[in-house]
Amino acid sequence: MATLPVPSAPGKPVHRVLPPRPFQAAVVIGAFTALLYVVEFVNLAVFRGRLSDYGIVSHVVSGLPGIIWAPLLHVSWQHLASNTLPVLLFGWLAMAIGVRQWVAVTATIWVISGLGVWLTEDTGVSTVGASGIAFGWLMFLLVRGVFNRSLKQLVVAAVLLFYWGSALWGLLPNVNPEISWQAHAFGALGGLLAAWLVAMANRPARTAGSLAA
C-alpha cells in the first residue's frame, strides 16, 4: 500500500492574518486597554500624576522596576489617547498567532523596549507609555510575512505601512524631544526578534507533513 505525504492541517497559525478567535482576542486587548485607562485615572485622580515618576529611570538600579510598570503609565489623557488605537489594532492583529504565543511576543517586546530605554535614555528621565509596545507589535506585523513567506501577511503589512508608515519617524532620534525614540526603536527591535522566534518555533508546522500508510 502506498505511503503518501499528507499536508499539514490548514488551521496552523503561520500564515494566519486574523486571530483564530476574534472575540476572545478583542476581549484580551480590550481588557489590557481598559487597564491602561484605570491606571491613568488612579494616577491623575488619586496620585495627581506622581505615578509617572515611577517609569523607567535610566542608568540607576532603582529605575529598573520601571521596565515592568512604564507601559501601563502615561503622563496625560492625551498621551494615553494617542496610544489607544495603535494598542487596540496592533495588539488584536498580533493575536493571529494565538493568545499564548502573543503573550510571549508581548513579553519579549516589553522587556527589550524597557531595557533599551534604561540603557540609552538621558540620565534622570522617567519614561512612561505604551508606545514602545505598540511599535513592537507593528514591527512584528510588518516582518512576520517575510519570515513566514506568507503573501497574505505581506499584504496586511503593506496596508499597515500605508496607513501607519509616518509613525516610523518615531524611530529616529530627536524628531520630538518630548517623545522617547529609544522606547520606539527598541520596541521595534523586540518585535523583529519576536517575529523571527515565532517563525522558527512554527517552522516544523509549516514544512513537515505527516505520513499515512
# chains A, B, ... in the order shown; residues from 1 in each chain; ligands from 1
>>> residues_around(residues="Gln153 in chain A", least_positions_apart="2", cutoff="12 Å", atoms="only C-alpha atoms", output="number ranges by chain")
A: 13-18, 93-94, 96-97, 140-151, 155-160
>>> write_last_selection(atoms="C-alpha atoms", output="compact mmCIF listing (two decimals), in the first residue's frame")
# COMPACT_ATOMS: atom_id res chain seq x y z
CA PRO A 13 -1.23 29.75 12.56
CA VAL A 14 1.88 30.52 10.50
CA HIS A 15 0.03 32.21 7.62
CA ARG A 16 -2.99 33.46 9.54
CA VAL A 17 -3.67 37.21 9.33
CA LEU A 18 -6.57 37.46 11.81
CA LEU A 93 -3.88 41.68 14.84
CA ALA A 94 -0.79 40.28 16.57
CA ALA A 96 -3.27 35.88 14.86
CA ILE A 97 -0.62 33.58 16.34
CA PHE A 140 6.08 42.19 14.37
CA LEU A 141 3.18 42.55 11.92
CA LEU A 142 5.38 44.18 9.27
CA VAL A 143 8.09 41.49 9.18
CA ARG A 144 6.30 38.24 10.06
CA GLY A 145 5.26 37.75 6.42
CA VAL A 146 8.90 37.85 5.36
CA PHE A 147 9.94 35.19 7.87
CA ASN A 148 6.86 33.05 7.14
CA ARG A 149 6.99 33.64 3.36
CA SER A 150 3.30 34.47 3.54
CA LEU A 151 1.76 36.60 0.79
CA VAL A 155 -0.37 42.29 2.05
CA VAL A 156 -1.52 43.14 5.59
CA ALA A 157 1.94 44.58 6.28
CA ALA A 158 1.67 46.76 3.17
CA VAL A 159 -1.71 48.10 4.29
CA LEU A 160 -0.40 48.86 7.78
>>> closest_residue(among="A:Gly129, A:Gly190, A:Thr108, A:Ala26", to="Gln78 in chain A", atoms="only C-alpha atoms")
A:Gly129
>>> atom_distance(atom1="CA of Val61 in chain A", atom2="CA of Gln182 in chain A")
18.5 Å
>>> residues_around(residues="Leu89 in chain A", least_positions_apart="2", cutoff="10 Å", atoms="only C-alpha atoms", output="PyMOL selection string")
chain A and resi 26+29+84-87+91-94+134+137-138
>>> write_last_selection(atoms="C-alpha atoms", output="PDB file, in the first residue's frame")
ATOM      1  CA  ALA A  26     -10.905  41.529  21.320  1.00  0.00           C
ATOM      2  CA  ILE A  29      -6.762  43.531  24.119  1.00  0.00           C
ATOM      3  CA  THR A  84      -5.109  53.753  22.324  1.00  0.00           C
ATOM      4  CA  LEU A  85      -5.871  52.978  18.670  1.00  0.00           C
ATOM      5  CA  PRO A  86      -2.409  51.528  17.903  1.00  0.00           C
ATOM      6  CA  VAL A  87      -2.603  49.369  21.024  1.00  0.00           C
ATOM      7  CA  GLY A  91      -2.389  44.132  19.644  1.00  0.00           C
ATOM      8  CA  TRP A  92      -5.505  42.495  18.191  1.00  0.00           C
ATOM      9  CA  LEU A  93      -3.881  41.684  14.838  1.00  0.00           C
ATOM     10  CA  ALA A  94      -0.789  40.277  16.572  1.00  0.00           C
ATOM     11  CA  ALA A 134       2.682  49.331  20.074  1.00  0.00           C
ATOM     12  CA  TRP A 137       3.561  44.868  17.649  1.00  0.00           C
ATOM     13  CA  LEU A 138       3.665  46.986  14.478  1.00  0.00           C
TER      14      LEU A 138
END
>>> residues_around(residues="Leu115 in chain A", least_positions_apart="6", cutoff="9 Å", atoms="only C-alpha atoms", output="mmCIF file with N, CA, C and O atoms, in the first residue's frame")
data_model
loop_
_atom_site.group_PDB
_atom_site.id
_atom_site.type_symbol
_atom_site.label_atom_id
_atom_site.label_comp_id
_atom_site.auth_asym_id
_atom_site.auth_seq_id
_atom_site.Cartn_x
_atom_site.Cartn_y
_atom_site.Cartn_z
ATOM 1 N N ILE A 56 10.607 54.239 33.755
ATOM 2 C CA ILE A 56 11.981 53.756 33.585
ATOM 3 C C ILE A 56 12.921 54.940 33.781
ATOM 4 O O ILE A 56 12.956 55.861 32.960
ATOM 5 N N LEU A 64 15.183 50.267 37.368
ATOM 6 C CA LEU A 64 14.907 49.040 36.632
ATOM 7 C C LEU A 64 13.469 48.522 36.810
ATOM 8 O O LEU A 64 12.873 48.041 35.836
ATOM 9 N N ILE A 67 10.718 49.163 34.200
ATOM 10 C CA ILE A 67 10.525 48.368 32.985
ATOM 11 C C ILE A 67 9.191 47.638 33.040
ATOM 12 O O ILE A 67 8.505 47.486 32.025
ATOM 13 N N ALA A 183 12.347 54.104 23.261
ATOM 14 C CA ALA A 183 11.280 53.138 23.524
ATOM 15 C C ALA A 183 10.725 52.590 22.219
ATOM 16 O O ALA A 183 10.459 51.391 22.087
ATOM 17 N N PHE A 186 13.679 50.374 20.352
ATOM 18 C CA PHE A 186 13.936 49.076 20.980
ATOM 19 C C PHE A 186 12.670 48.223 21.026
ATOM 20 O O PHE A 186 12.754 46.994 21.012
#
>>> select_by_dssp(residues="range 24-208 of chain A", states="helix (DSSP H, G or I)", output="JSON, numbers by chain")
{"A": [24, 25, 26, 27, 28, 29, 30, 31, 32, 33, 34, 35, 36, 37, 38, 39, 40, 41, 42, 43, 44, 45, 50, 51, 52, 53, 54, 61, 62, 63, 66, 67, 68, 69, 70, 71, 72, 77, 78, 79, 80, 81, 82, 83, 84, 85, 86, 87, 88, 89, 90, 91, 92, 93, 94, 95, 96, 97, 99, 100, 101, 102, 103, 104, 105, 106, 107, 108, 109, 110, 111, 112, 113, 114, 115, 116, 117, 118, 119, 120, 131, 132, 133, 134, 135, 136, 137, 138, 139, 140, 141, 142, 143, 144, 145, 146, 147, 148, 151, 152, 153, 154, 155, 156, 157, 158, 159, 160, 161, 162, 163, 164, 165, 166, 167, 168, 169, 170, 171, 181, 182, 183, 184, 185, 186, 187, 188, 189, 190, 191, 192, 193, 194, 195, 196, 197, 198, 199, 200, 201, 202, 203, 204, 205, 206, 207]}
>>> closest_residue(among="A:Leu88, A:Ala31, A:Ala104, A:Ala25", to="Gly191 in chain A", atoms="only C-alpha atoms")
A:Ala104
>>> closest_residue(among="A:Ala70, A:Val28, A:Val117, A:Leu35", to="Trp181 in chain A", atoms="only C-alpha atoms")
A:Val117
>>> residues_around(residues="Trp110 in chain A", least_positions_apart="5", cutoff="8 Å", atoms="only C-alpha atoms", output="compact mmCIF listing (two decimals) with N, CA, C and O atoms, in the first residue's frame")
# COMPACT_ATOMS: atom_id res chain seq x y z
N ILE A 67 10.72 49.16 34.20
CA ILE A 67 10.52 48.37 32.99
C ILE A 67 9.19 47.64 33.04
O ILE A 67 8.51 47.49 32.03
N ILE A 68 8.80 47.21 34.23
CA ILE A 68 7.53 46.49 34.40
C ILE A 68 6.35 47.44 34.31
O ILE A 68 5.35 47.14 33.66
N PRO A 71 4.99 50.81 30.70
CA PRO A 71 3.99 50.77 29.63
C PRO A 71 2.55 50.96 30.13
O PRO A 71 1.66 51.23 29.32
N GLY A 132 6.04 52.00 23.09
CA GLY A 132 7.09 51.04 22.78
C GLY A 132 6.50 49.67 22.47
O GLY A 132 6.96 48.98 21.54
N ILE A 133 5.47 49.28 23.22
CA ILE A 133 4.79 48.01 22.96
C ILE A 133 4.08 48.07 21.62
O ILE A 133 4.13 47.12 20.82
N GLY A 187 11.50 48.86 21.08
CA GLY A 187 10.27 48.09 20.95
C GLY A 187 10.19 47.44 19.58
O GLY A 187 9.82 46.26 19.45
N GLY A 190 12.45 44.55 19.49
CA GLY A 190 11.82 43.43 20.16
C GLY A 190 10.80 42.75 19.27
O GLY A 190 10.70 41.50 19.26
>>> residues_around(residues="range 42-47 of chain A", least_positions_apart="2", cutoff="9 Å", atoms="only C-alpha atoms", output="VMD selection string")
chain A and resid 37 to 40 49 to 52 73 to 76
>>> write_last_selection(atoms="C-alpha atoms", output="PDB file, in the first residue's frame")
ATOM      1  CA  TYR A  37      -7.360  53.809  31.492  1.00  0.00           C
ATOM      2  CA  VAL A  38      -7.931  52.622  35.055  1.00  0.00           C
ATOM      3  CA  VAL A  39      -4.261  53.163  35.883  1.00  0.00           C
ATOM      4  CA  GLU A  40      -4.351  56.646  34.339  1.00  0.00           C
ATOM      5  CA  GLY A  49       0.239  62.308  38.266  1.00  0.00           C
ATOM      6  CA  ARG A  50       3.032  61.309  40.619  1.00  0.00           C
ATOM      7  CA  LEU A  51       2.954  57.660  39.477  1.00  0.00           C
ATOM      8  CA  SER A  52       4.544  58.812  36.231  1.00  0.00           C
ATOM      9  CA  LEU A  73       1.620  54.637  32.869  1.00  0.00           C
ATOM     10  CA  HIS A  74       1.002  57.811  30.857  1.00  0.00           C
ATOM     11  CA  VAL A  75       1.627  61.467  31.570  1.00  0.00           C
ATOM     12  CA  SER A  76      -1.832  62.661  30.493  1.00  0.00           C
TER      13      SER A  76
END
>>> atom_distance(atom1="CA of Phe135 in chain A", atom2="CA of Thr123 in chain A")
23.1 Å
>>> atom_distance(atom1="CA of Tyr54 in chain A", atom2="CA of Gly114 in chain A")
12.9 Å
